[in-house]
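Trainee: Structure file start-v9.pdb, PDB, C-alpha atoms, is pasted below:
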ATOM      1  CA  MET J   5    -126.956   8.608-114.406  1.00  0.00           C
ATOM      2  CA  THR J   6    -130.456   8.344-115.886  1.00  0.00           C
ATOM      3  CA  GLU J   7    -130.999   5.697-118.519  1.00  0.00           C
ATOM      4  CA  LYS J   8    -132.479   6.740-121.860  1.00  0.00           C
ATOM      5  CA  LYS J   9    -136.169   5.831-122.165  1.00  0.00           C
ATOM      6  CA  MET J  10    -136.574   3.019-124.679  1.00  0.00           C
ATOM      7  CA  ASN J  11    -139.380   2.648-127.227  1.00  0.00           C
ATOM      8  CA  VAL J  12    -140.288  -0.861-126.008  1.00  0.00           C
ATOM      9  CA  GLU J  13    -142.150  -0.752-122.693  1.00  0.00           C
ATOM     10  CA  SER J  14    -140.562  -3.889-121.266  1.00  0.00           C
ATOM     11  CA  PHE J  15    -137.072  -2.509-121.929  1.00  0.00           C
ATOM     12  CA  ASN J  16    -137.908   0.220-119.395  1.00  0.00           C
ATOM     13  CA  LEU J  17    -138.963  -2.324-116.764  1.00  0.00           C
ATOM     14  CA  ASP J  18    -136.311  -3.053-114.134  1.00  0.00           C
ATOM     15  CA  HIS J  19    -136.213  -6.834-114.401  1.00  0.00           C
ATOM     16  CA  THR J  20    -134.188  -7.052-111.171  1.00  0.00           C
ATOM     17  CA  LYS J  21    -137.155  -5.662-109.180  1.00  0.00           C
ATOM     18  CA  VAL J  22    -139.951  -7.974-110.376  1.00  0.00           C
ATOM     19  CA  LYS J  23    -141.056 -11.198-108.704  1.00  0.00           C
ATOM     20  CA  ALA J  24    -142.425 -13.942-110.949  1.00  0.00           C
ATOM     21  CA  PRO J  25    -144.988 -15.245-111.408  1.00  0.00           C
ATOM     22  CA  TYR J  26    -147.176 -12.239-112.114  1.00  0.00           C
ATOM     23  CA  VAL J  27    -149.576 -10.719-114.602  1.00  0.00           C
ATOM     24  CA  ARG J  28    -149.289  -7.003-115.285  1.00  0.00           C
ATOM     25  CA  LEU J  29    -150.796  -4.604-117.770  1.00  0.00           C
ATOM     26  CA  ALA J  30    -147.793  -3.635-119.881  1.00  0.00           C
ATOM     27  CA  ASP J  31    -149.330  -1.325-122.489  1.00  0.00           C
ATOM     28  CA  ILE J  32    -152.513   0.042-124.036  1.00  0.00           C
ATOM     29  CA  LYS J  33    -152.753   1.084-127.678  1.00  0.00           C
ATOM     30  CA  GLU J  34    -155.783   2.879-129.076  1.00  0.00           C
ATOM     31  CA  GLY J  35    -156.771   2.532-132.722  1.00  0.00           C
ATOM     32  CA  GLN J  36    -158.270   5.217-134.949  1.00  0.00           C
ATOM     33  CA  ASN J  37    -161.775   3.865-134.407  1.00  0.00           C
ATOM     34  CA  GLY J  38    -161.528   3.642-130.628  1.00  0.00           C
ATOM     35  CA  ASP J  39    -160.556  -0.017-130.292  1.00  0.00           C
ATOM     36  CA  ARG J  40    -158.072  -0.556-127.489  1.00  0.00           C
ATOM     37  CA  ILE J  41    -155.430  -3.281-127.340  1.00  0.00           C
ATOM     38  CA  HIS J  42    -154.370  -4.192-123.802  1.00  0.00           C
ATOM     39  CA  LYS J  43    -151.033  -6.010-123.659  1.00  0.00           C
ATOM     40  CA  TYR J  44    -150.459  -8.112-120.555  1.00  0.00           C
ATOM     41  CA  ASP J  45    -147.111  -9.446-119.348  1.00  0.00           C
ATOM     42  CA  LEU J  46    -147.640 -12.992-118.053  1.00  0.00           C
ATOM     43  CA  ARG J  47    -144.323 -13.663-116.358  1.00  0.00           C
ATOM     44  CA  ILE J  48    -143.830 -17.302-115.455  1.00  0.00           C
ATOM     45  CA  CYS J  49    -140.113 -17.492-114.615  1.00  0.00           C
ATOM     46  CA  GLN J  50    -137.934 -15.132-112.615  1.00  0.00           C
ATOM     47  CA  PRO J  51    -135.951 -13.019-115.119  1.00  0.00           C
ATOM     48  CA  ASN J  52    -132.248 -13.846-115.350  1.00  0.00           C
ATOM     49  CA  LYS J  53    -132.622 -16.682-112.811  1.00  0.00           C
ATOM     50  CA  GLU J  54    -134.679 -19.275-114.684  1.00  0.00           C
ATOM     51  CA  HIS J  55    -136.379 -19.835-118.023  1.00  0.00           C
ATOM     52  CA  MET J  56    -138.800 -22.198-119.721  1.00  0.00           C
ATOM     53  CA  GLU J  57    -137.320 -24.943-121.857  1.00  0.00           C
ATOM     54  CA  MET J  58    -138.276 -24.445-125.488  1.00  0.00           C
ATOM     55  CA  PRO J  59    -140.381 -27.608-126.076  1.00  0.00           C
ATOM     56  CA  ALA J  60    -142.511 -26.864-122.977  1.00  0.00           C
ATOM     57  CA  LEU J  61    -142.795 -23.155-123.836  1.00  0.00           C
ATOM     58  CA  HIS J  62    -143.721 -23.986-127.440  1.00  0.00           C
ATOM     59  CA  SER J  63    -146.438 -26.423-126.385  1.00  0.00           C
ATOM     60  CA  LEU J  64    -147.794 -24.029-123.761  1.00  0.00           C
ATOM     61  CA  GLU J  65    -147.996 -21.363-126.460  1.00  0.00           C
ATOM     62  CA  HIS J  66    -150.008 -23.646-128.764  1.00  0.00           C
ATOM     63  CA  LEU J  67    -152.279 -24.781-125.930  1.00  0.00           C
ATOM     64  CA  MET J  68    -152.926 -21.298-124.568  1.00  0.00           C
ATOM     65  CA  ALA J  69    -153.453 -19.796-128.018  1.00  0.00           C
ATOM     66  CA  GLU J  70    -156.059 -22.418-128.875  1.00  0.00           C
ATOM     67  CA  LEU J  71    -157.732 -22.985-125.506  1.00  0.00           C
ATOM     68  CA  SER J  72    -157.970 -19.347-124.374  1.00  0.00           C
ATOM     69  CA  ARG J  73    -160.339 -18.662-127.247  1.00  0.00           C
ATOM     70  CA  ASN J  74    -162.826 -21.097-125.683  1.00  0.00           C
ATOM     71  CA  HIS J  75    -163.249 -18.559-122.864  1.00  0.00           C
ATOM     72  CA  THR J  76    -163.262 -15.239-124.738  1.00  0.00           C
ATOM     73  CA  ASP J  77    -163.305 -13.716-128.194  1.00  0.00           C
ATOM     74  CA  LYS J  78    -161.106 -10.845-126.974  1.00  0.00           C
ATOM     75  CA  VAL J  79    -157.710 -12.580-127.376  1.00  0.00           C
ATOM     76  CA  VAL J  80    -155.748 -11.025-130.232  1.00  0.00           C
ATOM     77  CA  ASP J  81    -152.503 -12.917-129.655  1.00  0.00           C
ATOM     78  CA  ILE J  82    -150.504 -14.894-127.121  1.00  0.00           C
ATOM     79  CA  SER J  83    -146.791 -14.574-127.845  1.00  0.00           C
ATOM     80  CA  PRO J  84    -143.786 -16.047-126.055  1.00  0.00           C
ATOM     81  CA  MET J  85    -141.048 -13.719-124.858  1.00  0.00           C
ATOM     82  CA  GLY J  86    -137.685 -14.307-126.504  1.00  0.00           C
ATOM     83  CA  CYS J  87    -136.075 -14.518-123.067  1.00  0.00           C
ATOM     84  CA  GLN J  88    -138.241 -17.583-122.397  1.00  0.00           C
ATOM     85  CA  THR J  89    -139.567 -16.199-119.096  1.00  0.00           C
ATOM     86  CA  GLY J  90    -143.184 -15.558-120.062  1.00  0.00           C
ATOM     87  CA  PHE J  91    -145.773 -14.543-122.619  1.00  0.00           C
ATOM     88  CA  TYR J  92    -147.458 -11.408-123.850  1.00  0.00           C
ATOM     89  CA  ILE J  93    -151.223 -11.620-124.081  1.00  0.00           C
ATOM     90  CA  ALA J  94    -152.909  -9.020-126.277  1.00  0.00           C
ATOM     91  CA  MET J  95    -156.633  -8.434-125.745  1.00  0.00           C
ATOM     92  CA  ILE J  96    -158.929  -6.163-127.727  1.00  0.00           C
ATOM     93  CA  ASN J  97    -161.412  -3.962-125.862  1.00  0.00           C
ATOM     94  CA  HIS J  98    -160.937  -5.912-122.627  1.00  0.00           C
ATOM     95  CA  ASP J  99    -159.677  -3.816-119.732  1.00  0.00           C
ATOM     96  CA  ASP J 100    -160.984  -6.001-116.889  1.00  0.00           C
ATOM     97  CA  TYR J 101    -157.782  -7.117-115.115  1.00  0.00           C
ATOM     98  CA  ASP J 102    -159.587  -9.633-112.887  1.00  0.00           C
ATOM     99  CA  GLY J 103    -161.339 -10.977-115.970  1.00  0.00           C
ATOM    100  CA  VAL J 104    -157.993 -11.475-117.692  1.00  0.00           C
ATOM    101  CA  LEU J 105    -156.696 -13.359-114.644  1.00  0.00           C
ATOM    102  CA  ALA J 106    -159.791 -15.584-114.763  1.00  0.00           C
ATOM    103  CA  ILE J 107    -159.272 -16.302-118.484  1.00  0.00           C
ATOM    104  CA  ILE J 108    -155.643 -17.238-117.844  1.00  0.00           C
ATOM    105  CA  GLU J 109    -156.628 -19.466-114.917  1.00  0.00           C
ATOM    106  CA  GLN J 110    -159.371 -21.222-116.918  1.00  0.00           C
ATOM    107  CA  THR J 111    -156.984 -21.710-119.829  1.00  0.00           C
ATOM    108  CA  LEU J 112    -154.243 -23.176-117.637  1.00  0.00           C
ATOM    109  CA  ASN J 113    -156.766 -25.571-116.092  1.00  0.00           C
ATOM    110  CA  ASP J 114    -157.655 -26.661-119.629  1.00  0.00           C
ATOM    111  CA  VAL J 115    -153.947 -27.246-120.303  1.00  0.00           C
ATOM    112  CA  LEU J 116    -153.801 -29.641-117.343  1.00  0.00           C
ATOM    113  CA  VAL J 117    -156.421 -31.939-118.865  1.00  0.00           C
ATOM    114  CA  ALA J 118    -155.290 -31.667-122.490  1.00  0.00           C
ATOM    115  CA  THR J 119    -154.411 -34.964-124.135  1.00  0.00           C
ATOM    116  CA  ASP J 120    -152.449 -33.491-127.018  1.00  0.00           C
ATOM    117  CA  VAL J 121    -150.892 -30.260-128.265  1.00  0.00           C
ATOM    118  CA  PRO J 122    -153.017 -28.519-130.898  1.00  0.00           C
ATOM    119  CA  ALA J 123    -151.449 -28.088-134.337  1.00  0.00           C
ATOM    120  CA  CYS J 124    -148.412 -30.161-133.356  1.00  0.00           C
ATOM    121  CA  ASN J 125    -147.604 -31.373-136.852  1.00  0.00           C
ATOM    122  CA  GLU J 126    -145.482 -30.287-139.800  1.00  0.00           C
ATOM    123  CA  MET J 127    -148.419 -28.903-141.749  1.00  0.00           C
ATOM    124  CA  GLN J 128    -149.567 -26.519-138.976  1.00  0.00           C
ATOM    125  CA  CYS J 129    -146.353 -25.776-137.069  1.00  0.00           C
ATOM    126  CA  GLY J 130    -142.962 -24.455-138.097  1.00  0.00           C
ATOM    127  CA  TRP J 131    -141.008 -26.686-135.680  1.00  0.00           C
ATOM    128  CA  ALA J 132    -143.325 -29.586-134.917  1.00  0.00           C
ATOM    129  CA  ALA J 133    -140.525 -31.709-133.425  1.00  0.00           C
ATOM    130  CA  SER J 134    -140.066 -29.221-130.570  1.00  0.00           C
ATOM    131  CA  HIS J 135    -143.035 -29.899-128.264  1.00  0.00           C
ATOM    132  CA  SER J 136    -143.672 -31.301-124.807  1.00  0.00           C
ATOM    133  CA  LEU J 137    -147.227 -31.685-123.519  1.00  0.00           C
ATOM    134  CA  GLU J 138    -145.875 -32.891-120.171  1.00  0.00           C
ATOM    135  CA  GLY J 139    -143.567 -29.868-119.935  1.00  0.00           C
ATOM    136  CA  ALA J 140    -146.424 -27.477-120.743  1.00  0.00           C
ATOM    137  CA  GLN J 141    -148.609 -29.127-118.128  1.00  0.00           C
ATOM    138  CA  GLU J 142    -145.860 -28.842-115.519  1.00  0.00           C
ATOM    139  CA  LEU J 143    -145.527 -25.119-116.284  1.00  0.00           C
ATOM    140  CA  ALA J 144    -149.310 -24.705-115.999  1.00  0.00           C
ATOM    141  CA  ARG J 145    -149.431 -26.662-112.731  1.00  0.00           C
ATOM    142  CA  ASN J 146    -146.628 -24.578-111.187  1.00  0.00           C
ATOM    143  CA  LEU J 147    -148.219 -21.330-112.335  1.00  0.00           C
ATOM    144  CA  LEU J 148    -151.633 -22.289-110.957  1.00  0.00           C
ATOM    145  CA  ALA J 149    -150.053 -23.294-107.636  1.00  0.00           C
ATOM    146  CA  LYS J 150    -148.945 -19.659-107.274  1.00  0.00           C
ATOM    147  CA  ARG J 151    -152.254 -18.139-108.454  1.00  0.00           C
ATOM    148  CA  SER J 152    -152.494 -15.975-105.304  1.00  0.00           C
ATOM    149  CA  GLU J 153    -149.222 -14.246-106.283  1.00  0.00           C
ATOM    150  CA  TRP J 154    -150.174 -13.172-109.827  1.00  0.00           C
ATOM    151  CA  THR J 155    -151.128  -9.631-108.818  1.00  0.00           C
ATOM    152  CA  GLU J 156    -147.821  -8.952-107.021  1.00  0.00           C
ATOM    153  CA  VAL J 157    -145.398  -7.661-109.655  1.00  0.00           C
ATOM    154  CA  PHE J 158    -142.570  -6.291-107.525  1.00  0.00           C
ATOM    155  CA  ALA J 159    -140.639  -8.017-104.739  1.00  0.00           C
TER     156      ALA J 159
END
Please lay out the structure from this file as C-alpha coordinates.

Mentor:
Amino acid sequence: MTEKKMNVESFNLDHTKVKAPYVRLADIKEGQNGDRIHKYDLRICQPNKEHMEMPALHSLEHLMAELSRNHTDKVVDISPMGCQTGFYIAMINHDDYDGVLAIIEQTLNDVLVATDVPACNEMQCGWAASHSLEGAQELARNLLAKRSEWTEVFA
(Lines of atoms letter the chains of each structure in order from A and count residues from 1; the text may use other names and numbers.)
(Lines give C-alpha, C1' and ligand atoms only; values in the text may rest on other atoms or scores of the structure.)
Protein backbone atom coordinates (compact mmCIF):
# COMPACT_ATOMS: atom_id res chain seq x y z
CA MET A 1 0.00 0.00 0.00
CA THR A 2 1.38 3.42 -0.97
CA GLU A 3 1.34 6.09 1.70
CA LYS A 4 -0.32 9.41 0.91
CA LYS A 5 2.21 12.16 0.15
CA MET A 6 2.24 14.67 2.99
CA ASN A 7 2.57 18.45 2.67
CA VAL A 8 5.57 18.59 5.04
CA GLU A 9 8.73 17.31 3.37
CA SER A 10 10.13 15.62 6.46
CA PHE A 11 6.90 13.66 6.95
CA ASN A 12 7.69 11.95 3.63
CA LEU A 13 11.20 11.00 4.78
CA ASP A 14 11.54 7.41 5.97
CA HIS A 15 13.11 8.04 9.36
CA THR A 16 13.97 4.33 9.70
CA LYS A 17 16.39 4.59 6.73
CA VAL A 18 18.48 7.61 7.79
CA LYS A 19 21.75 7.49 9.72
CA ALA A 20 22.51 10.42 12.02
CA PRO A 21 24.43 12.60 12.14
CA TYR A 22 23.92 14.16 8.73
CA VAL A 23 23.13 17.39 6.92
CA ARG A 24 20.75 17.22 3.97
CA LEU A 25 19.00 19.75 1.80
CA ALA A 26 15.36 19.25 2.76
CA ASP A 27 13.59 21.90 0.67
CA ILE A 28 13.95 24.95 -1.56
CA LYS A 29 11.33 27.69 -1.74
CA GLU A 30 11.49 30.47 -4.30
CA GLY A 31 9.99 33.89 -3.60
CA GLN A 32 8.26 36.18 -6.08
CA ASN A 33 11.41 38.23 -6.57
CA GLY A 34 13.72 35.27 -7.13
CA ASP A 35 15.07 34.87 -3.60
CA ARG A 36 15.53 31.22 -2.69
CA ILE A 37 15.28 29.75 0.81
CA HIS A 38 17.26 26.53 1.25
CA LYS A 39 16.15 24.49 4.26
CA TYR A 40 18.73 22.07 5.63
CA ASP A 41 18.04 19.17 7.98
CA LEU A 42 20.87 19.01 10.54
CA ARG A 43 20.18 15.67 12.19
CA ILE A 44 22.18 15.15 15.36
CA CYS A 45 20.48 12.13 16.96
CA GLN A 46 19.25 8.91 15.41
CA PRO A 47 15.45 9.21 15.01
CA ASN A 48 13.41 7.09 17.41
CA LYS A 49 16.57 5.80 19.13
CA GLU A 50 17.92 8.88 20.91
CA HIS A 51 17.16 12.56 21.41
CA MET A 52 18.74 15.71 22.79
CA GLU A 53 17.80 16.71 26.32
CA MET A 54 15.89 19.98 26.30
CA PRO A 55 18.34 22.20 28.26
CA ALA A 56 21.24 21.17 25.97
CA LEU A 57 19.11 21.52 22.82
CA HIS A 58 17.84 24.92 23.96
CA SER A 59 21.34 26.22 24.64
CA LEU A 60 22.67 24.82 21.37
CA GLU A 61 19.85 26.63 19.58
CA HIS A 62 20.75 29.96 21.21
CA LEU A 63 24.47 29.46 20.55
CA MET A 64 24.05 28.41 16.93
CA ALA A 65 21.52 31.14 16.18
CA GLU A 66 23.85 33.81 17.51
CA LEU A 67 27.26 32.45 16.50
CA SER A 68 26.37 31.29 12.98
CA ARG A 69 25.73 34.89 12.00
CA ASN A 70 29.40 35.65 12.67
CA HIS A 71 30.21 33.49 9.63
CA THR A 72 27.47 34.46 7.17
CA ASP A 73 24.62 36.88 6.62
CA LYS A 74 22.64 34.16 4.81
CA VAL A 75 21.11 32.48 7.90
CA VAL A 76 17.38 33.14 8.06
CA ASP A 77 16.62 30.84 10.99
CA ILE A 78 17.91 27.90 13.01
CA SER A 79 15.00 25.99 14.53
CA PRO A 80 14.95 22.89 16.71
CA MET A 81 12.89 19.91 15.62
CA GLY A 82 10.06 19.03 17.98
CA CYS A 83 11.30 15.44 18.08
CA GLN A 84 14.52 16.75 19.64
CA THR A 85 16.74 14.96 17.10
CA GLY A 86 18.08 17.95 15.18
CA PHE A 87 17.61 21.41 13.75
CA TYR A 88 16.39 23.02 10.57
CA ILE A 89 18.68 25.67 9.15
CA ALA A 90 17.12 28.07 6.66
CA MET A 91 19.48 30.01 4.39
CA ILE A 92 18.59 32.69 1.87
CA ASN A 93 20.24 32.62 -1.56
CA HIS A 94 22.89 30.15 -0.40
CA ASP A 95 22.91 26.89 -2.33
CA ASP A 96 26.53 25.90 -1.66
CA TYR A 97 26.18 22.63 0.31
CA ASP A 98 29.89 22.47 1.19
CA GLY A 99 29.70 26.09 2.30
CA VAL A 100 26.79 25.27 4.60
CA LEU A 101 28.78 22.39 6.10
CA ALA A 102 31.69 24.79 6.71
CA ILE A 103 29.39 27.33 8.41
CA ILE A 104 27.99 24.61 10.67
CA GLU A 105 31.48 23.35 11.50
CA GLN A 106 32.78 26.86 12.28
CA THR A 107 29.72 27.55 14.42
CA LEU A 108 30.08 24.32 16.40
CA ASN A 109 33.75 25.12 17.02
CA ASP A 110 32.62 28.49 18.38
CA VAL A 111 30.18 26.66 20.67
CA LEU A 112 33.07 24.66 22.14
CA VAL A 113 34.85 27.81 23.34
CA ALA A 114 31.76 29.75 24.43
CA THR A 115 31.76 30.84 28.05
CA ASP A 116 28.05 31.53 28.30
CA VAL A 117 24.77 31.02 26.46
CA PRO A 118 23.61 34.15 24.61
CA ALA A 119 20.30 35.65 25.71
CA CYS A 120 20.01 33.21 28.62
CA ASN A 121 17.91 35.46 30.83
CA GLU A 122 14.24 36.14 31.49
CA MET A 123 14.19 39.33 29.45
CA GLN A 124 15.49 37.69 26.24
CA CYS A 125 14.33 34.07 26.57
CA GLY A 126 10.96 32.47 27.14
CA TRP A 127 12.31 29.68 29.38
CA ALA A 128 15.61 30.99 30.71
CA ALA A 129 15.81 28.33 33.44
CA SER A 130 16.12 25.57 30.83
CA HIS A 131 19.72 25.87 29.59
CA SER A 132 22.94 23.88 29.73
CA LEU A 133 26.13 25.28 28.21
CA GLU A 134 27.95 22.05 29.09
CA GLY A 135 25.22 19.98 27.42
CA ALA A 136 25.35 22.13 24.27
CA GLN A 137 29.12 21.80 24.15
CA GLU A 138 28.90 18.03 24.51
CA LEU A 139 26.44 17.90 21.60
CA ALA A 140 28.77 20.09 19.51
CA ARG A 141 31.81 17.98 20.41
CA ASN A 142 30.04 14.73 19.48
CA LEU A 143 28.76 16.20 16.22
CA LEU A 144 32.20 17.51 15.24
CA ALA A 145 33.76 14.13 16.04
CA LYS A 146 31.57 12.66 13.29
CA ARG A 147 32.16 15.50 10.79
CA SER A 148 33.24 13.01 8.08
CA GLU A 149 29.77 11.39 8.24
CA TRP A 150 27.65 14.52 7.70
CA THR A 151 27.18 13.92 3.97
CA GLU A 152 25.92 10.34 4.42
CA VAL A 153 22.16 10.57 4.96
CA PHE A 154 21.08 6.95 4.53
CA ALA A 155 22.44 3.84 6.23

Trainee: With distances taken over all atoms listed in the file, which of J:Arg73, J:His135, J:His42, J:Lys33 is nearest to Asp120 in chain J?

Mentor: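 Counting all atoms listed in the file, the residue closest to Asp120 in chain J is J:His135.
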
Trainee: Identify all residues satisfying the PyMOL selection byres ((chain J and resi 82) around 10) in the given file; provide them as a list in words.

Mentor: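 Given this file, the PyMOL selection byres ((chain J and resi 82) around 10) evaluates to Lys43, Tyr44, Leu46, Glu65, His66, Met68, Ala69, Glu70, Ser72, Val79, Val80, Asp81, Ser83, Pro84, Met85, Phe91, Tyr92, Ile93, Ala94 and Met95 of chain J.
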
Trainee: Give as a PyMOL selection string each residue that has an atom at most 7 Å from (-160.3, -23.2, -122.7) in the file, counting only C-alpha atoms.

Mentor: chain J and resi 71-75+110-111+114

Trainee: Put those residues in a file: C-alpha atoms, as a PDB file, in the coordinates of the input.

Mentor:
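To be explicit, this is the file written out as again34.pdb:
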ATOM      1  CA  LEU J  71    -157.732 -22.985-125.506  1.00  0.00           C
ATOM      2  CA  SER J  72    -157.970 -19.347-124.374  1.00  0.00           C
ATOM      3  CA  ARG J  73    -160.339 -18.662-127.247  1.00  0.00           C
ATOM      4  CA  ASN J  74    -162.826 -21.097-125.683  1.00  0.00           C
ATOM      5  CA  HIS J  75    -163.249 -18.559-122.864  1.00  0.00           C
ATOM      6  CA  GLN J 110    -159.371 -21.222-116.918  1.00  0.00           C
ATOM      7  CA  THR J 111    -156.984 -21.710-119.829  1.00  0.00           C
ATOM      8  CA  ASP J 114    -157.655 -26.661-119.629  1.00  0.00           C
TER       9      ASP J 114
END

Trainee: Near range 56-59 of chain J, within 6 Å and counting all atoms listed in the file, which residues show up once chain neighbours fewer than 4 positions away are dropped, as a ChimeraX atom specification?

Mentor: /J:88,134-136

Trainee: Pull the neighbourhood of (-149.5, -30.2, -126.0) for me: all residues within 10 Å in file coordinates, counting only C-alpha atoms, as a list in words.

Mentor: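 Taken together, the residues in range are Pro59, Ala60, Leu61, His62, Ser63, Leu64, Glu65, His66, Leu67, Met68, Val115, Leu116, Ala118, Thr119, Asp120, Val121, Pro122, Ala123, Cys124, His135, Ser136, Leu137, Glu138, Gly139, Ala140 and Gln141 of chain J.
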
Trainee: List, as a list in words, every residue that the PyMOL selection byres ((chain J and resi 150) around 12) selects in the file provided.

Mentor: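 Expected selection for the PyMOL selection byres ((chain J and resi 150) around 12) here is Lys23, Ala24, Pro25, Tyr26, Val27, Arg47, Ile48, Cys49, Glu109, Leu143, Ala144, Arg145, Asn146, Leu147, Leu148, Ala149, Arg151, Ser152, Glu153, Trp154, Thr155 and Glu156 of chain J.
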
Trainee: Keeping only C-alpha atoms, write the selected residues as a CSV table (one decimal), in the coordinates of the input.

Mentor:
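again08.csv written:
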chain,number,residue,atom,x,y,z
J,23,LYS,CA,-141.1,-11.2,-108.7
J,24,ALA,CA,-142.4,-13.9,-110.9
J,25,PRO,CA,-145.0,-15.2,-111.4
J,26,TYR,CA,-147.2,-12.2,-112.1
J,27,VAL,CA,-149.6,-10.7,-114.6
J,47,ARG,CA,-144.3,-13.7,-116.4
J,48,ILE,CA,-143.8,-17.3,-115.5
J,49,CYS,CA,-140.1,-17.5,-114.6
J,109,GLU,CA,-156.6,-19.5,-114.9
J,143,LEU,CA,-145.5,-25.1,-116.3
J,144,ALA,CA,-149.3,-24.7,-116.0
J,145,ARG,CA,-149.4,-26.7,-112.7
J,146,ASN,CA,-146.6,-24.6,-111.2
J,147,LEU,CA,-148.2,-21.3,-112.3
J,148,LEU,CA,-151.6,-22.3,-111.0
J,149,ALA,CA,-150.1,-23.3,-107.6
J,151,ARG,CA,-152.3,-18.1,-108.5
J,152,SER,CA,-152.5,-16.0,-105.3
J,153,GLU,CA,-149.2,-14.2,-106.3
J,154,TRP,CA,-150.2,-13.2,-109.8
J,155,THR,CA,-151.1,-9.6,-108.8
J,156,GLU,CA,-147.8,-9.0,-107.0

Trainee: For CA of Glu54 in chain J and CA of Asn113 in chain J, quote the distance in Å rounded to one decimal.

Mentor: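 So the two atoms, CA of Glu54 in chain J and CA of Asn113 in chain J, lie 23.0 Å apart.
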
Trainee: Kindly indicate which residue among J:Lys78, J:Ala159, J:Arg28, J:Pro51 lies nearest to Ile96 in chain J, using only C-alpha atoms for the distances.

Mentor: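 Ranked by minimum distance to Ile96 in chain J, first place goes to J:Lys78.
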
Trainee: Hey, could you pull the box centre and edge lengths for range 110-113 of chain J, axis-aligned, 6 Å padding per side, all listed atoms, to one decimal in Å, as lines of an AutoDock Vina configuration file?

Mentor:
center_x = -156.8
center_y = -23.4
center_z = -118.0
size_x = 17.1
size_y = 16.3
size_z = 15.7

Trainee: What is the CA of Ala106 in chain J-CA of Phe158 in chain J distance in Å, reported with one decimal?

Mentor: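 Between CA of Ala106 in chain J and CA of Phe158 in chain J the gap is 20.9 Å.
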
Trainee: I'd like to know which of J:Val157, J:Asn125, J:Val117, J:Glu7 is closest to Asp45 in chain J, using only C-alpha atoms.

Mentor: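 The answer is J:Val157, which sits nearest to Asp45 in chain J.
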
Trainee: Tell me, in Å to one decimal, how far CA of Ile41 in chain J is from CA of Val104 in chain J.

Mentor: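 That distance, rounded to one decimal, is 12.9 Å.
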